[in-house]
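Shown next, in structure tokens, is the structure this report addresses.
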There are 2 protein chains.
Amino acid sequence: MRQIILASASPRRRELLEQIGVSFEVCPAKGAEIITKEQPDEIVKELAGQKAREVASMITSYGQRHEELVTPQDLMVIGADTVVAKEGEIFGKPEDEADAYRMLASLSGGMHEVYTGVSILLVSASGRVGEICFAECTRVFMRAMDDQEIRRYIATGEPFDKAGAYGIQGKCAIYIDKIDGDYNNVVGLPVAAIYRELKRVGIDLYV
Amino acid sequence: MRQIILASASPRRRELLEQIGVSFEVCPAKGAEIITKEQPDEIVKELAGQKAREVASMITSYGQRHEELVTPQDLMVIGADTVVAKEGEIFGKPEDEADAYRMLASLSGGMHEVYTGVSILLVSASGRVGEICFAECTRVFMRAMDDQEIRRYIATGEPFDKAGAYGIQGKCAIYIDKIDGDYNNVVGLPVAAIYRELKRVGIDLYV
């Protein structure tokens, strides 16, 4: 039996793992995010790895200190990070309303890319550690939003905890003409790629 | 003030209208579906129109019989129908487990198209009727599912009320490599196109 830990506080990532019927627990990473890379796919892989490693080391060192809590289970820790990129600029979460307006005005009426990086740490009961790390990219084509539409969308409050200041799975759906790639990658967790990459190394997410 | 009626029993269509923050009521069409067309985009437009017209005429004739219930509101009735098409074959909802297996085996490992037709009937308080009708197509690329995976997916019970025997918004998400087009169109209601087509004729879905 394997214990799966989602190293993220994002309710959307939790919902996606629930949607596909995986049993897991949530243990969000809290550490500072340190970016040393420049390309969006490298940045999200770096940050996903930091989150997964922080949570894995917290759980395993806790297990070492309190011996009665060490279980013979294998552990799988999933970290993820998402950014939006357009023409060389990278958007994380907006700082305030003006920042959200700037991001939405920039994304409006064109194509941008959403990158989610995933790090899956596999810690066996004997202590051996493996990592699967990848980034997935989805192209998103956003309809032109006028000033009133941007302000109305910001007033919903949705932009403030989301990379690029919008939620494709929320009220911004009416402005998304089409995507090319995986939808759940834009929401924040590419569950198809996670299932596929684990299967490739012989691990069934459901067993 | 306008009253919006969704002429569909589908919980997924209801959830999509709720997601974008529209106020509406549900009044499912019950009539027989009569198909006279052959192309998938024509079929879904025809069936969406039948549903919207059935519900609109039910509501307005009810209003005529019970005069006290006639309101001065304009009415908007939204009908929708979804089919899956692959290489000339059209898949609706599966009849049983064997039919679901046949559909999933056929879709596995390749690209198919999902068509949703939408009919929006606009009935003014004075009785004037207008219709907006369109079909939206999304290309879906499904990973190869092996026999065990198809059986495991059918055992979730998800296939039986869904065109093509799968739900992209459910446990089948892990088998969808990518899409090209609108995701919500695959779920069953292209809310972006509905908002856009109404805006094109000067109607704001939120006012």
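Ordering of the structure tokens sets the chain letters (A, B, ...), residue numbers begin anew at 1 in every chain, and ligands are numbered from 1 in the order given.
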
For chain A, list the residues within 10 Å of chain B, counting only C-alpha atoms, and write the list as a PyMOL selection string. chain A and resi 16-22+138-141+143+156+168-185+190-196

Contacts of segment 116-120 of chain B at 9 Å or less, counting only C-alpha atoms, minus same-chain residues fewer than 4 places along, as a VMD selection string? chain B and resid 40 to 53 76 to 84 130 to 138 185 to 186 188 to 190 194 198

So which residues touch Ser124 of chain B within 10 Å, counting only C-alpha atoms, skipping near sequence neighbours fewer than 5 positions away, as a list of chain:residue names? B:Arg2, B:Pro72, B:Gln73, B:Asp74, B:Leu75, B:Met76, B:Val129, B:Gly130

Go ahead and write the selection's residues with N, CA and C atoms as a PDB file, in the first residue's frame.
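Result went into selection39.pdb, see below:
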```pdb
ATOM      1  N   ARG B   2     -34.936  39.361 -17.692  1.00  0.00           N
ATOM      2  CA  ARG B   2     -35.131  38.228 -18.577  1.00  0.00           C
ATOM      3  C   ARG B   2     -35.066  36.941 -17.763  1.00  0.00           C
ATOM      4  N   PRO B  72     -44.399  39.667 -17.358  1.00  0.00           N
ATOM      5  CA  PRO B  72     -43.961  40.590 -18.406  1.00  0.00           C
ATOM      6  C   PRO B  72     -42.493  40.378 -18.782  1.00  0.00           C
ATOM      7  N   GLN B  73     -41.906  39.268 -18.309  1.00  0.00           N
ATOM      8  CA  GLN B  73     -40.488  39.030 -18.587  1.00  0.00           C
ATOM      9  C   GLN B  73     -40.259  38.515 -20.003  1.00  0.00           C
ATOM     10  N   ASP B  74     -39.144  38.898 -20.556  1.00  0.00           N
ATOM     11  CA  ASP B  74     -38.662  38.207 -21.742  1.00  0.00           C
ATOM     12  C   ASP B  74     -38.132  36.845 -21.304  1.00  0.00           C
ATOM     13  N   LEU B  75     -38.178  35.918 -22.234  1.00  0.00           N
ATOM     14  CA  LEU B  75     -37.794  34.544 -21.922  1.00  0.00           C
ATOM     15  C   LEU B  75     -36.647  34.129 -22.839  1.00  0.00           C
ATOM     16  N   MET B  76     -35.659  33.442 -22.279  1.00  0.00           N
ATOM     17  CA  MET B  76     -34.601  32.850 -23.103  1.00  0.00           C
ATOM     18  C   MET B  76     -34.535  31.364 -22.777  1.00  0.00           C
ATOM     19  N   VAL B 129     -40.620  35.903 -31.401  1.00  0.00           N
ATOM     20  CA  VAL B 129     -39.665  34.821 -31.147  1.00  0.00           C
ATOM     21  C   VAL B 129     -38.469  34.931 -32.098  1.00  0.00           C
ATOM     22  N   GLY B 130     -37.272  34.838 -31.542  1.00  0.00           N
ATOM     23  CA  GLY B 130     -36.066  34.764 -32.361  1.00  0.00           C
ATOM     24  C   GLY B 130     -35.272  33.531 -31.977  1.00  0.00           C
TER      25      GLY B 130
END
```

Just list the residues in segment 35-194 of chain A DSSP gives strand (DSSP E) on the backbone, as JSON, numbers by chain. {"A": [74, 75, 76, 77, 78, 79, 80, 81, 82, 83, 84, 85, 86, 89, 90, 91, 111, 112, 113, 114, 115, 116, 117, 118, 119, 120, 121, 122, 123, 129, 130, 131, 132, 133, 134, 135, 136, 137, 138, 139, 140, 141, 142, 176, 177, 178, 179, 180, 181]}

Atomic separation - atom CA of Arg12 of chain A relative to atom CA of Arg151 of chain A, Å: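 We find that atom CA of Arg151 of chain A and atom CA of Arg12 of chain A lie 23.6 Å from each other.
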
Find the spatial neighbours of Ile5 of chain A, counting only C-alpha atoms, within a cut-off of 6 Å - ignore same-chain residues fewer than 5 positions away - and output them as a ChimeraX atom specification. /A:24-26,77

Dump C-alpha atoms for the selected residues as a CSV table (one decimal), in the first residue's frame?
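Written out: selection-v9.csv:
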```
chain,number,residue,atom,x,y,z
A,24,PHE,CA,-4.5,11.0,-0.9
A,25,GLU,CA,-3.8,13.5,1.9
A,26,VAL,CA,-2.9,17.1,1.6
A,77,VAL,CA,4.6,13.1,-2.7
```

Within 6 Å of segment 158-163 of chain A, counting only C-alpha atoms, which residues qualify if same-chain residues fewer than 2 places away don't, as a ChimeraX atom specification? /A:83,92-94,156,165-166

Store the residues picked out above, limited to N, CA and C atoms, as a short mmCIF file (atom, residue, chain, number, x, y, z; two decimals), in the first residue's frame.
```
data_model
loop_
_atom_site.label_atom_id
_atom_site.label_comp_id
_atom_site.auth_asym_id
_atom_site.auth_seq_id
_atom_site.Cartn_x
_atom_site.Cartn_y
_atom_site.Cartn_z
N VAL A 83 2.56 28.51 -14.03
CA VAL A 83 2.71 29.92 -14.44
C VAL A 83 2.09 30.11 -15.83
N GLY A 92 2.73 35.20 -12.61
CA GLY A 92 2.31 34.37 -11.48
C GLY A 92 0.95 34.88 -11.00
N LYS A 93 0.75 34.87 -9.67
CA LYS A 93 -0.50 35.41 -9.12
C LYS A 93 -0.41 36.94 -9.07
N PRO A 94 -1.50 37.66 -9.34
CA PRO A 94 -1.45 39.12 -9.30
C PRO A 94 -1.32 39.64 -7.87
N THR A 156 -15.41 39.73 -9.51
CA THR A 156 -15.82 38.41 -8.99
C THR A 156 -14.86 37.91 -7.92
N ALA A 165 -4.03 35.65 -13.34
CA ALA A 165 -5.21 36.40 -12.88
C ALA A 165 -6.54 35.88 -13.44
N TYR A 166 -6.58 34.60 -13.83
CA TYR A 166 -7.88 34.07 -14.27
C TYR A 166 -8.00 32.60 -13.94
#
```

Which of segment 123-179 of chain B DSSP labels helix (DSSP H, G or I), written as a list of chain:residue names: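 Result set for segment 123-179 of chain B (helix (DSSP H, G or I)): B:Asp147, B:Gln148, B:Glu149, B:Ile150, B:Arg151, B:Arg152, B:Tyr153, B:Ile154, B:Ala155, B:Glu158, B:Pro159, B:Phe160, B:Asp161, B:Ala163, B:Gly164, B:Ala165, B:Lys171, B:Cys172, B:Ala173, B:Ile174, B:Tyr175.
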
Calculate how many Å separate atom CA of Leu104 of chain A from atom CA of Gly164 of chain A, rounding to one decimal. 7.2 Å

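Distance check against Ser108 of chain B using only C-alpha atoms: of B:Ile90, B:Leu122, B:Ala32, B:Ala144, the minimum falls on B:Ala144.
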
Quick one: residues within 8 Å of Ile154 of chain A, only C-alpha atoms counted, chain neighbours fewer than 5 positions away excluded, as a list in words? Glu97, Ala100, Tyr101 and Pro159 of chain A

Using atom CA of Cys27 of chain A and atom CA of Met58 of chain A as the two end points, give the distance in Å to one decimal.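 Atom CA of Met58 of chain A lies 9.7 Å from atom CA of Cys27 of chain A.
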